[in-house]
Each structure stands twice: as C-alpha cells, then as structure tokens.
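First the structure, in the form of structure tokens, and then the observations on it.
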Amino acid sequence: MSKLAIKGGNPVRTNLFPSYNVIGDGEISAVTDVMKSGILSRYLGAWHKDFFGGPKVQEFEANWSKLFDSKYSISMNSATSGLYAACAAAGFSPGDEVIVSPYTMSASAMAPVVCGANPVFADVDPETFCISADTIEARLTDRTKGIIVVHIFGGPANMEPIMKLAKSRGLVVIEDCAQSPMGEYKGKKLGTLGDIGIFSLNYHKHIHTGEGAVVVTQDDRFADRLMLIRNHAEAVVDAKSKDQNIEYNGDLVGFNYRLGEIEAAIGNSLIQKIDDLICSRIENVQYLESKISGSDCLSFLKVDSDNRHCYYVHPITYTSEVSGVHRNTFVAAIRAELAPCRLREAEGVLCSGGYVRPLYMQSFYQKRTHPVFKNASQVATESYQPGSAPNCEKAFRESLIIHELMRPGFSKDDLDDVVFAFEKVIENIDDLYGD
Ligand SMILES: *Cc1c(COP(=O)(O)O)cnc(C)c1O
C-alpha cells in the first residue's frame, strides 16, 4: 500500500465527511408553530396547573415517558441542571459521599458538590469503561449516600450487581444517560434501572434542542422534588404540600431549570427519529468492526445480546504491546489519512485517543481549595490521588481510541474510507516504529 500520509504520502481522504445534522423541515415547522402561538414558555412558580409548564413541554414529557418506559419525565434546561437537581432530590448533604466515575464529563462529579457532598471516584471496568460493583465497593464508607453511574460512550454499566449493592446499603443510584438515550441493559431502558436517570439534549448528543435535558424517575417523591427544584421550590412548596399532602422537609433550594416551548417542540419532532438514528449508528459500527476485525492490535466492546449500546462515540481498545507503536502515534497517523466532518471542521478529524483526563487529575480535585474538601474522608482523599483509578488512567494514556466517523449520514463509501485508513496504517505500522 502507498506511503502513510503522516510520512508525506497521499491521504486516504481529503474531502469532508458529511455533517451530523438532525434538524430538518419537521423541526423548523414545529418551531414556527410555537413562534406563531406567541407562547415561548409558560410556567408559573406558584401552585397552579402552569407549575408543570406549557403545552409543548407537557407533550414532550408525555412522549418521553412513553418511549423511555418511565413513569415521570421532567424536562430541564441542561443535563448539568438535571444532575444537580437529582442530587438535591436524593437529599445529598454536607458530609455525605457519592461514588462516581472519574471517566466522564465534569458535571457528573460536580453535581454532588453543589449539595455540599464529596464525590468519591471509583475505577472503571475496562470491559465497559463504566464503574462496577467491585470498584464501587472498594470506595464505600459509612458516609456513602449514593452512586452516580455514567453509561459512558452510549453503553451500559453492569447494573445488576450495582443495584444489588446499592439496595443492601440503602444508596440512591443516579444514572447519567447523557450519552446513552435508548440504550438498554438486559432489555430495560437505561435511566429506569436506578432511582433517577438524566438525559442531555445539548448539541453534541444523539438528538438535541440546542440546550436541554430530561430527567426520568419511577418514584413519586423524587418526581415531586425534581419538579420543585426546577421551578423555584421555595415559592410553591408550602401550598403544594398542603394541597397534595406531600411530605416536605424544607430542604430544597429552588432554581430555574425550566425548558422552553421552542426546545420542547423541537424535542417532540426529534423524538420520533431517535430510534432510527441509533439503529443507523449501530449498523455503521457493526460494518466498521466487521471490516477492521482482522487487526490484532484493535479490539471492540463485547455487547451482550440483551444489552444495547447506542454509540455516542465508537470506543476501540488499542494494544501497543501488539503493534509496537504508541497509541498517540497510531491515532496521529489515522488522523493524517482522513478529513474533518462538515460543520465541525474546526475540531479536525473526529478520532482521538483517550477521551477526557480522569476527573480527579483536574485542579479542582488536586488543589482542593473548595470548602467541600474540608472534612473529606481518607477514602475520598485517596480517590483524588494520581494512580487511584489505574484502568481509567490506562485507557486515557495508552489503550483507548474513540471516533465519531460512524454517525448517521455516513454512506458505505464514507465508512470504507475509515476502514482503508485503519488498514493502511496497520499495514505500514513498521514505518511508525520509533516515532
Ligand atoms: C453532555 C454530558 C453532560 C452534560 O450535559 P449538558 O446538557 O451539556 O449539561 C453530562 N454528563 C455526560 C456524561 C455528558 O456527556
């Protein structure tokens, strides 16, 4: 095969890959209808039927509940807000500890901090890149009140043992499903296995409304608390408790986490497409994996037949001991062969090594000047030390490759270019020795 692009040869592909754009005529006309109605949001921060939001918001939440098998779906303005609201609804308080993955977007771990609770990091399982019952167990203390499981990259954590452990200890389980809408574990929708599940609708996610989120729960009390936190709890809580005879401890801080009518209308239109969008990702990934599977240095996640991975990104495990070349060199060579995607040109080729730096290596956890760290337990403090989550660090530094060159809109020819790039780099791997 020809010379590698990184060594001055011709790249496999120079023209841009297709953009991933889920917004079409249906969404445009849904937005136009809302604009014509003049009602861009309709909430009252008082105990009234508008406490539950405008017509599009309520319709969107009903649609979400149906598709995601949840009793309650509570829309919010972001998954970050949803995570904070979930931690507050769960009652996490100063001195409590909440076990969380270090291999995630920062908000998953920051959420308990807003309640004054300490995030405690557990290592990930290299088979799923999610925390597991074993790694969680190693971090339990008598202060542990909850677990935030992140179904990272779109695939499920091994939930059964996690739920068993949580039940035996009376812990609240929050599922961060920002990357895994319509993902499944043993035939059940992610977000419905724990106590509260959070989905993101930001621009990077499978479907988006610009900004937005949905929080799901099966529990009446959590649902009540989530809706109160979304909508200035303190202004309505007394009237609501009286009317509904709900138990309320006066422990809620209210925010404005409301989703608007325009976003909800976009969501209503996109929710009809979400399953097709995910099926298309799964097909594209299966095609790529079947073509690249001959390479000893690359391996793919095993997804059980009763689980469903929805591939927010496509994770690939890379073994440098087999190839003789560092992961970063390999990724640089792949990137040199391929082109960016339209609309995301500035990000370059959507293939990279490592995902985010393990969260505990960020200065928030290294410097620990925030008051939340004042009385952190020894177990918590240990979990902030470099080296504390070796599987996570190994994936970050040397073994994980992620890419998005499999999103809906990619044709067979586009996917073949991705395959050619991997094949070309693997066939010419000797040229990278010593780099
Ligand atoms: C995107 C993301 C979030 C935050 O979502 P926003 O809607 O942008 O606040 C949280 N957790 C994970 C795992 C994410 O990928």
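The way I read the labels, and the way they are meant: chains A, B, ... in the order of the structure tokens, residue 1 as the first residue of every chain, and ligand 1 as the first ligand shown, with later ones counted on from there.
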
Identify, on the basis of only C-alpha atoms, every residue whose closest approach to Gly9 of chain A does not exceed 12 Å; exclude the query and any residue fewer than 5 positions from it along the same chain; express the result as a PyMOL selection string.
-> chain A and resi 1-4+333+336-337+424-425+428+431

Would you mind listing what lies within 10 Å of Asn77 of chain A as a list in words, with only C-alpha atoms counted and same-chain residues fewer than 2 positions away left out?
->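 Listing them by chain and then by number gives Ser75, Ala79, Thr80, Ser81, Gly82, Ser200, Leu201, Asn202, Thr209, Gly210, Glu211, Gly212, Ala213, Val214, Arg230, Asn256, Tyr257, Arg258, Leu259, Gly260 and Glu263 of chain A.
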
Can you spit out the residues from that selection as a PDB file, in the first residue's frame, using C-alpha atoms?
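So the final result, stored in again_0.pdb, reads:
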```
ATOM      1  CA  SER A  75     -37.611  18.302  31.216  1.00  0.00           C
ATOM      2  CA  ALA A  79     -28.277  17.715  31.920  1.00  0.00           C
ATOM      3  CA  THR A  80     -25.944  19.606  34.227  1.00  0.00           C
ATOM      4  CA  SER A  81     -29.036  21.144  35.860  1.00  0.00           C
ATOM      5  CA  GLY A  82     -30.650  17.708  35.837  1.00  0.00           C
ATOM      6  CA  SER A 200     -28.911  15.539  27.723  1.00  0.00           C
ATOM      7  CA  LEU A 201     -30.277  17.371  24.698  1.00  0.00           C
ATOM      8  CA  ASN A 202     -27.230  19.526  24.022  1.00  0.00           C
ATOM      9  CA  THR A 209     -32.747  21.018  21.183  1.00  0.00           C
ATOM     10  CA  GLY A 210     -29.792  23.426  21.349  1.00  0.00           C
ATOM     11  CA  GLU A 211     -29.710  23.023  25.114  1.00  0.00           C
ATOM     12  CA  GLY A 212     -31.997  20.846  27.188  1.00  0.00           C
ATOM     13  CA  ALA A 213     -32.419  17.642  29.169  1.00  0.00           C
ATOM     14  CA  VAL A 214     -34.936  15.157  30.525  1.00  0.00           C
ATOM     15  CA  ARG A 230     -36.766  23.018  38.567  1.00  0.00           C
ATOM     16  CA  ASN A 256     -34.998  27.983  37.325  1.00  0.00           C
ATOM     17  CA  TYR A 257     -34.119  24.867  35.326  1.00  0.00           C
ATOM     18  CA  ARG A 258     -37.132  25.108  33.003  1.00  0.00           C
ATOM     19  CA  LEU A 259     -37.157  24.079  29.345  1.00  0.00           C
ATOM     20  CA  GLY A 260     -38.900  26.475  26.924  1.00  0.00           C
ATOM     21  CA  GLU A 263     -36.967  23.488  22.681  1.00  0.00           C
TER      22      GLU A 263
END
```

Where in segment 164-339 of chain A does DSSP assign strand (DSSP E or B), given as a PyMOL selection string?
-> chain A and resi 172-176+184-185+188-189+196-200+213-217+231+256+298-300+308+314-318

Contacts to ligand 1 at 10 Å cut-off (only C-alpha atoms and all ligand atoms) as number ranges by chain = A: 76-84, 101, 103-111, 149-154, 175-180, 198-205, 208-214, 312

Convert the current residue selection to file output with C-alpha atoms, as a compact mmCIF listing (two decimals), in the first residue's frame.
```txt
# COMPACT_ATOMS: atom_id res chain seq x y z
CA MET A 76 -34.88 20.73 32.22
CA ASN A 77 -32.63 23.26 30.55
CA SER A 78 -29.50 21.06 30.66
CA ALA A 79 -28.28 17.71 31.92
CA THR A 80 -25.94 19.61 34.23
CA SER A 81 -29.04 21.14 35.86
CA GLY A 82 -30.65 17.71 35.84
CA LEU A 83 -27.68 16.16 37.65
CA TYR A 84 -27.72 18.90 40.31
CA SER A 101 -16.83 7.61 37.70
CA TYR A 103 -14.13 8.95 33.28
CA THR A 104 -16.91 11.32 32.35
CA MET A 105 -17.85 14.90 31.62
CA SER A 106 -17.11 17.08 34.65
CA ALA A 107 -20.76 17.77 35.58
CA SER A 108 -21.37 14.15 36.63
CA ALA A 109 -18.97 14.61 39.55
CA MET A 110 -19.63 18.31 40.23
CA ALA A 111 -23.33 17.67 40.91
CA VAL A 149 -23.34 5.64 37.30
CA VAL A 150 -22.39 7.09 33.91
CA HIS A 151 -23.24 4.92 30.90
CA ILE A 152 -20.28 6.33 29.07
CA PHE A 153 -19.95 6.37 25.25
CA GLY A 154 -23.54 5.05 24.99
CA GLU A 175 -27.82 7.17 36.10
CA ASP A 176 -26.11 9.75 33.89
CA CYS A 177 -27.55 8.75 30.50
CA ALA A 178 -26.41 11.90 28.67
CA GLN A 179 -24.57 9.70 26.15
CA SER A 180 -26.93 6.73 26.15
CA ILE A 198 -30.65 12.08 33.29
CA PHE A 199 -30.55 12.60 29.51
CA SER A 200 -28.91 15.54 27.72
CA LEU A 201 -30.28 17.37 24.70
CA ASN A 202 -27.23 19.53 24.02
CA TYR A 203 -25.79 20.00 20.54
CA HIS A 204 -23.30 17.14 20.79
CA LYS A 205 -25.79 14.48 21.78
CA HIS A 208 -30.60 17.99 20.59
CA THR A 209 -32.75 21.02 21.18
CA GLY A 210 -29.79 23.43 21.35
CA GLU A 211 -29.71 23.02 25.11
CA GLY A 212 -32.00 20.85 27.19
CA ALA A 213 -32.42 17.64 29.17
CA VAL A 214 -34.94 15.16 30.52
CA TYR A 312 -22.35 8.24 21.27
```

So that I can check the surroundings of Thr128 of chain A, please list as a PDB file with C-alpha atoms, in the first residue's frame every protein, DNA and RNA residue that reaches within 8 Å of it, counting only C-alpha atoms and ignoring chain neighbours fewer than 6 positions away.
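So around-v4.pdb came out as:
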```pdb
ATOM      1  CA  GLY A 155     -23.101   1.599  26.529  1.00  0.00           C
ATOM      2  CA  PRO A 156     -24.491   0.244  29.784  1.00  0.00           C
ATOM      3  CA  ALA A 157     -22.654  -0.265  33.048  1.00  0.00           C
ATOM      4  CA  ASN A 158     -23.194  -3.701  34.580  1.00  0.00           C
ATOM      5  CA  LEU A 301     -16.505  -3.921  23.147  1.00  0.00           C
TER       6      LEU A 301
END
```

Hey, what does DSSP flag as alpha helix (DSSP H) within segment 283-421 of chain A? Can you give it to me as a PyMOL selection string?
-> chain A and resi 283-292+320-323+327-337+363-367+378-382+390-394+412-421

How about saving the chosen residues, N, CA and C atoms kept, as a tab-separated table (two decimals), in the first residue's frame?
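Listed below is the output, result.tsv:
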```tsv
chain	number	residue	atom	x	y	z
A	283	GLU	N	-25.63	-0.01	13.06
A	283	GLU	CA	-25.28	-0.64	11.77
A	283	GLU	C	-23.91	-0.19	11.28
A	284	ASN	N	-23.65	1.11	11.37
A	284	ASN	CA	-22.36	1.63	10.91
A	284	ASN	C	-21.21	1.05	11.71
A	285	VAL	N	-21.40	0.96	13.04
A	285	VAL	CA	-20.35	0.41	13.88
A	285	VAL	C	-20.13	-1.07	13.56
A	286	GLN	N	-21.23	-1.80	13.37
A	286	GLN	CA	-21.09	-3.23	13.05
A	286	GLN	C	-20.34	-3.41	11.73
A	287	TYR	N	-20.62	-2.56	10.78
A	287	TYR	CA	-19.93	-2.63	9.48
A	287	TYR	C	-18.43	-2.38	9.67
A	288	LEU	N	-18.10	-1.30	10.38
A	288	LEU	CA	-16.68	-0.98	10.62
A	288	LEU	C	-15.98	-2.12	11.36
A	289	GLU	N	-16.63	-2.62	12.39
A	289	GLU	CA	-15.99	-3.67	13.20
A	289	GLU	C	-15.79	-4.94	12.39
A	290	SER	N	-16.73	-5.27	11.51
A	290	SER	CA	-16.58	-6.49	10.71
A	290	SER	C	-15.41	-6.33	9.73
A	291	LYS	N	-15.16	-5.11	9.26
A	291	LYS	CA	-14.08	-4.88	8.29
A	291	LYS	C	-12.71	-4.76	8.94
A	292	ILE	N	-12.68	-4.17	10.15
A	292	ILE	CA	-11.38	-3.91	10.79
A	292	ILE	C	-10.98	-5.06	11.72
A	320	SER	N	-0.75	-1.51	22.38
A	320	SER	CA	0.54	-1.11	21.80
A	320	SER	C	1.58	-2.22	21.91
A	321	GLU	N	1.39	-3.13	22.91
A	321	GLU	CA	2.32	-4.26	23.03
A	321	GLU	C	2.27	-5.12	21.76
A	322	VAL	N	1.13	-5.15	21.09
A	322	VAL	CA	0.99	-5.95	19.87
A	322	VAL	C	1.54	-5.18	18.66
A	323	SER	N	1.21	-3.90	18.58
A	323	SER	CA	1.59	-3.14	17.37
A	323	SER	C	3.03	-2.64	17.44
A	327	ARG	N	-0.11	4.42	21.20
A	327	ARG	CA	-1.46	4.77	20.75
A	327	ARG	C	-1.50	6.16	20.11
A	328	ASN	N	-0.82	7.13	20.72
A	328	ASN	CA	-0.89	8.50	20.20
A	328	ASN	C	-0.29	8.61	18.80
A	329	THR	N	0.75	7.85	18.55
A	329	THR	CA	1.37	7.83	17.22
A	329	THR	C	0.40	7.21	16.21
A	330	PHE	N	-0.24	6.13	16.63
A	330	PHE	CA	-1.21	5.44	15.78
A	330	PHE	C	-2.36	6.39	15.42
A	331	VAL	N	-2.89	7.07	16.44
A	331	VAL	CA	-4.02	7.99	16.21
A	331	VAL	C	-3.59	9.14	15.30
A	332	ALA	N	-2.40	9.66	15.50
A	332	ALA	CA	-1.92	10.75	14.65
A	332	ALA	C	-1.85	10.29	13.20
A	333	ALA	N	-1.44	9.04	13.00
A	333	ALA	CA	-1.34	8.50	11.63
A	333	ALA	C	-2.73	8.35	11.01
A	334	ILE	N	-3.70	7.88	11.80
A	334	ILE	CA	-5.09	7.76	11.30
A	334	ILE	C	-5.62	9.15	10.94
A	335	ARG	N	-5.42	10.10	11.83
A	335	ARG	CA	-5.93	11.45	11.60
A	335	ARG	C	-5.37	12.05	10.31
A	336	ALA	N	-4.10	11.74	10.05
A	336	ALA	CA	-3.47	12.30	8.84
A	336	ALA	C	-4.09	11.72	7.57
A	337	GLU	N	-4.70	10.54	7.67
A	337	GLU	CA	-5.29	9.89	6.49
A	337	GLU	C	-6.69	10.41	6.17
A	363	SER	N	-7.56	20.33	38.42
A	363	SER	CA	-7.07	21.10	39.56
A	363	SER	C	-8.10	21.22	40.69
A	364	PHE	N	-9.39	21.14	40.35
A	364	PHE	CA	-10.41	21.20	41.42
A	364	PHE	C	-10.14	20.12	42.48
A	365	TYR	N	-9.77	18.92	42.02
A	365	TYR	CA	-9.55	17.80	42.95
A	365	TYR	C	-8.10	17.72	43.42
A	366	GLN	N	-7.20	18.34	42.66
A	366	GLN	CA	-5.80	18.33	43.08
A	366	GLN	C	-5.53	19.43	44.11
A	367	LYS	N	-6.06	20.63	43.86
A	367	LYS	CA	-5.81	21.76	44.78
A	367	LYS	C	-6.73	21.69	46.00
A	378	GLN	N	-10.70	9.88	54.44
A	378	GLN	CA	-9.46	9.33	53.87
A	378	GLN	C	-9.72	8.62	52.55
A	379	VAL	N	-10.84	7.88	52.51
A	379	VAL	CA	-11.17	7.15	51.27
A	379	VAL	C	-11.41	8.13	50.12
A	380	ALA	N	-12.12	9.23	50.42
A	380	ALA	CA	-12.37	10.24	49.39
A	380	ALA	C	-11.04	10.83	48.92
A	381	THR	N	-10.21	11.22	49.88
A	381	THR	CA	-8.94	11.87	49.55
A	381	THR	C	-8.04	10.94	48.75
A	382	GLU	N	-8.05	9.67	49.11
A	382	GLU	CA	-7.26	8.69	48.35
A	382	GLU	C	-7.72	8.63	46.89
A	390	PRO	N	-6.41	2.96	38.11
A	390	PRO	CA	-5.45	2.53	37.08
A	390	PRO	C	-6.10	2.15	35.74
A	391	ASN	N	-7.28	1.54	35.77
A	391	ASN	CA	-7.91	1.17	34.48
A	391	ASN	C	-8.27	2.41	33.68
A	392	CYS	N	-8.76	3.40	34.41
A	392	CYS	CA	-9.16	4.65	33.78
A	392	CYS	C	-7.92	5.35	33.20
A	393	GLU	N	-6.85	5.37	33.97
A	393	GLU	CA	-5.63	6.06	33.51
A	393	GLU	C	-5.01	5.35	32.32
A	394	LYS	N	-5.10	4.01	32.34
A	394	LYS	CA	-4.54	3.25	31.21
A	394	LYS	C	-5.32	3.56	29.93
A	412	LYS	N	-21.78	4.01	2.76
A	412	LYS	CA	-20.82	2.90	2.74
A	412	LYS	C	-19.44	3.39	2.27
A	413	ASP	N	-19.43	4.28	1.28
A	413	ASP	CA	-18.14	4.80	0.80
A	413	ASP	C	-17.40	5.56	1.88
A	414	ASP	N	-18.16	6.36	2.63
A	414	ASP	CA	-17.53	7.10	3.73
A	414	ASP	C	-16.94	6.13	4.75
A	415	LEU	N	-17.73	5.11	5.10
A	415	LEU	CA	-17.25	4.13	6.08
A	415	LEU	C	-16.04	3.37	5.54
A	416	ASP	N	-16.07	3.07	4.23
A	416	ASP	CA	-14.93	2.37	3.63
A	416	ASP	C	-13.65	3.19	3.73
A	417	ASP	N	-13.76	4.50	3.61
A	417	ASP	CA	-12.57	5.34	3.77
A	417	ASP	C	-11.99	5.21	5.18
A	418	VAL	N	-12.88	5.11	6.17
A	418	VAL	CA	-12.42	4.93	7.55
A	418	VAL	C	-11.70	3.58	7.67
A	419	VAL	N	-12.29	2.55	7.06
A	419	VAL	CA	-11.67	1.22	7.07
A	419	VAL	C	-10.30	1.26	6.39
A	420	PHE	N	-10.24	1.91	5.21
A	420	PHE	CA	-8.96	1.98	4.47
A	420	PHE	C	-7.89	2.67	5.32
A	421	ALA	N	-8.29	3.71	6.03
A	421	ALA	CA	-7.31	4.44	6.85
A	421	ALA	C	-6.73	3.51	7.92
```

I want to know what sits within 7 Å of Ser352 of chain A, based on only C-alpha atoms, with residues of the same chain fewer than 3 positions away left out; could you give that as an mmCIF file with all heavy atoms, in the first residue's frame?
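Okay, selection00.cif is ready:
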```cif
data_model
loop_
_atom_site.group_PDB
_atom_site.id
_atom_site.type_symbol
_atom_site.label_atom_id
_atom_site.label_comp_id
_atom_site.auth_asym_id
_atom_site.auth_seq_id
_atom_site.Cartn_x
_atom_site.Cartn_y
_atom_site.Cartn_z
ATOM 1 N N VAL A 331 -2.894 7.068 16.440
ATOM 2 C CA VAL A 331 -4.022 7.985 16.210
ATOM 3 C C VAL A 331 -3.595 9.138 15.296
ATOM 4 O O VAL A 331 -4.337 9.532 14.386
ATOM 5 C CB VAL A 331 -4.593 8.510 17.554
ATOM 6 C CG1 VAL A 331 -5.556 9.670 17.330
ATOM 7 C CG2 VAL A 331 -5.305 7.381 18.294
ATOM 8 N N ILE A 401 -9.091 4.353 21.983
ATOM 9 C CA ILE A 401 -9.291 5.228 20.821
ATOM 10 C C ILE A 401 -10.797 5.436 20.698
ATOM 11 O O ILE A 401 -11.564 4.476 20.825
ATOM 12 C CB ILE A 401 -8.765 4.566 19.526
ATOM 13 C CG1 ILE A 401 -7.249 4.321 19.618
ATOM 14 C CG2 ILE A 401 -9.094 5.420 18.295
ATOM 15 C CD1 ILE A 401 -6.677 3.540 18.444
ATOM 16 N N ILE A 402 -11.231 6.684 20.503
ATOM 17 C CA ILE A 402 -12.649 6.919 20.220
ATOM 18 C C ILE A 402 -12.778 7.703 18.925
ATOM 19 O O ILE A 402 -11.898 8.497 18.574
ATOM 20 C CB ILE A 402 -13.376 7.684 21.359
ATOM 21 C CG1 ILE A 402 -12.650 8.984 21.700
ATOM 22 C CG2 ILE A 402 -13.548 6.823 22.586
ATOM 23 C CD1 ILE A 402 -13.377 9.828 22.734
ATOM 24 N N HIS A 403 -13.852 7.436 18.198
ATOM 25 C CA HIS A 403 -14.091 8.233 16.991
ATOM 26 C C HIS A 403 -15.582 8.359 16.745
ATOM 27 O O HIS A 403 -16.394 7.628 17.331
ATOM 28 C CB HIS A 403 -13.369 7.605 15.786
ATOM 29 C CG HIS A 403 -14.067 6.398 15.254
ATOM 30 N ND1 HIS A 403 -15.021 6.477 14.271
ATOM 31 C CD2 HIS A 403 -13.992 5.097 15.600
ATOM 32 C CE1 HIS A 403 -15.487 5.267 14.029
ATOM 33 N NE2 HIS A 403 -14.870 4.407 14.821
#
```

Skipping near chain neighbours, those fewer than 5 positions away, what residues fall within 9 Å of Asn231 of chain A using only C-alpha atoms, listed as a PyMOL selection string?
-> chain A and resi 43-46+51-52+226+236+254-258

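If only C-alpha atoms are the atoms counted, then among A:Ala122, A:Val303, A:Ile274, A:Leu400 the closest residue to Cys351 of chain A is A:Leu400.
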
Using only C-alpha atoms, which residues sit within 10 Å of Ser305 of chain A once same-chain residues fewer than 4 positions away are excluded, as a count of residues only?
-> 3

Point-to-point distance in Å for atom CA of Ile162 of chain A and atom CA of Lys145 of chain A =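 These two atoms are separated by 13.8 Å.
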
Using only C-alpha atoms, pick whichever of A:Leu343, A:Leu67, A:Ile266, A:Ile131 has the shortest atom-to-atom distance to Gly26 of chain A.
->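 Distance minimum relative to Gly26 of chain A lands on A:Ile266.
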
Can you work out which one of A:Gly348, A:Pro371, A:Gly38, A:Pro358 has the shortest atom-to-atom distance to Pro386 of chain A, counting only C-alpha atoms?
->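 Checking each of A:Gly348, A:Pro371, A:Gly38, A:Pro358 against Pro386 of chain A, counting only C-alpha atoms, the winner is A:Pro358.
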
Show which residues sit within 12 Å of Lys164 of chain A, as a PyMOL selection string. Count only C-alpha atoms, and ignore same-chain residues fewer than 6 positions away.
-> chain A and resi 132-134+136-137+158+170-173+193-194

Nearest candidate to Tyr433 of chain A (options A:Val325, A:Leu350, A:Met406, A:Ile316; using only C-alpha atoms) = A:Val325

What is the distance between atom CA of Gly91 of chain A and atom CA of Leu252 of chain A, in Å to one decimal?
->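 About the pair atom CA of Gly91 of chain A and atom CA of Leu252 of chain A: they are 8.5 Å apart.
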
Point out the residue among A:Asp142, A:Asp33, A:Asp276, A:Glu261 with the least atom-to-atom distance to Gln58 of chain A, counting only C-alpha atoms.
->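 That would be A:Glu261, the residue with the smallest distance to Gln58 of chain A.
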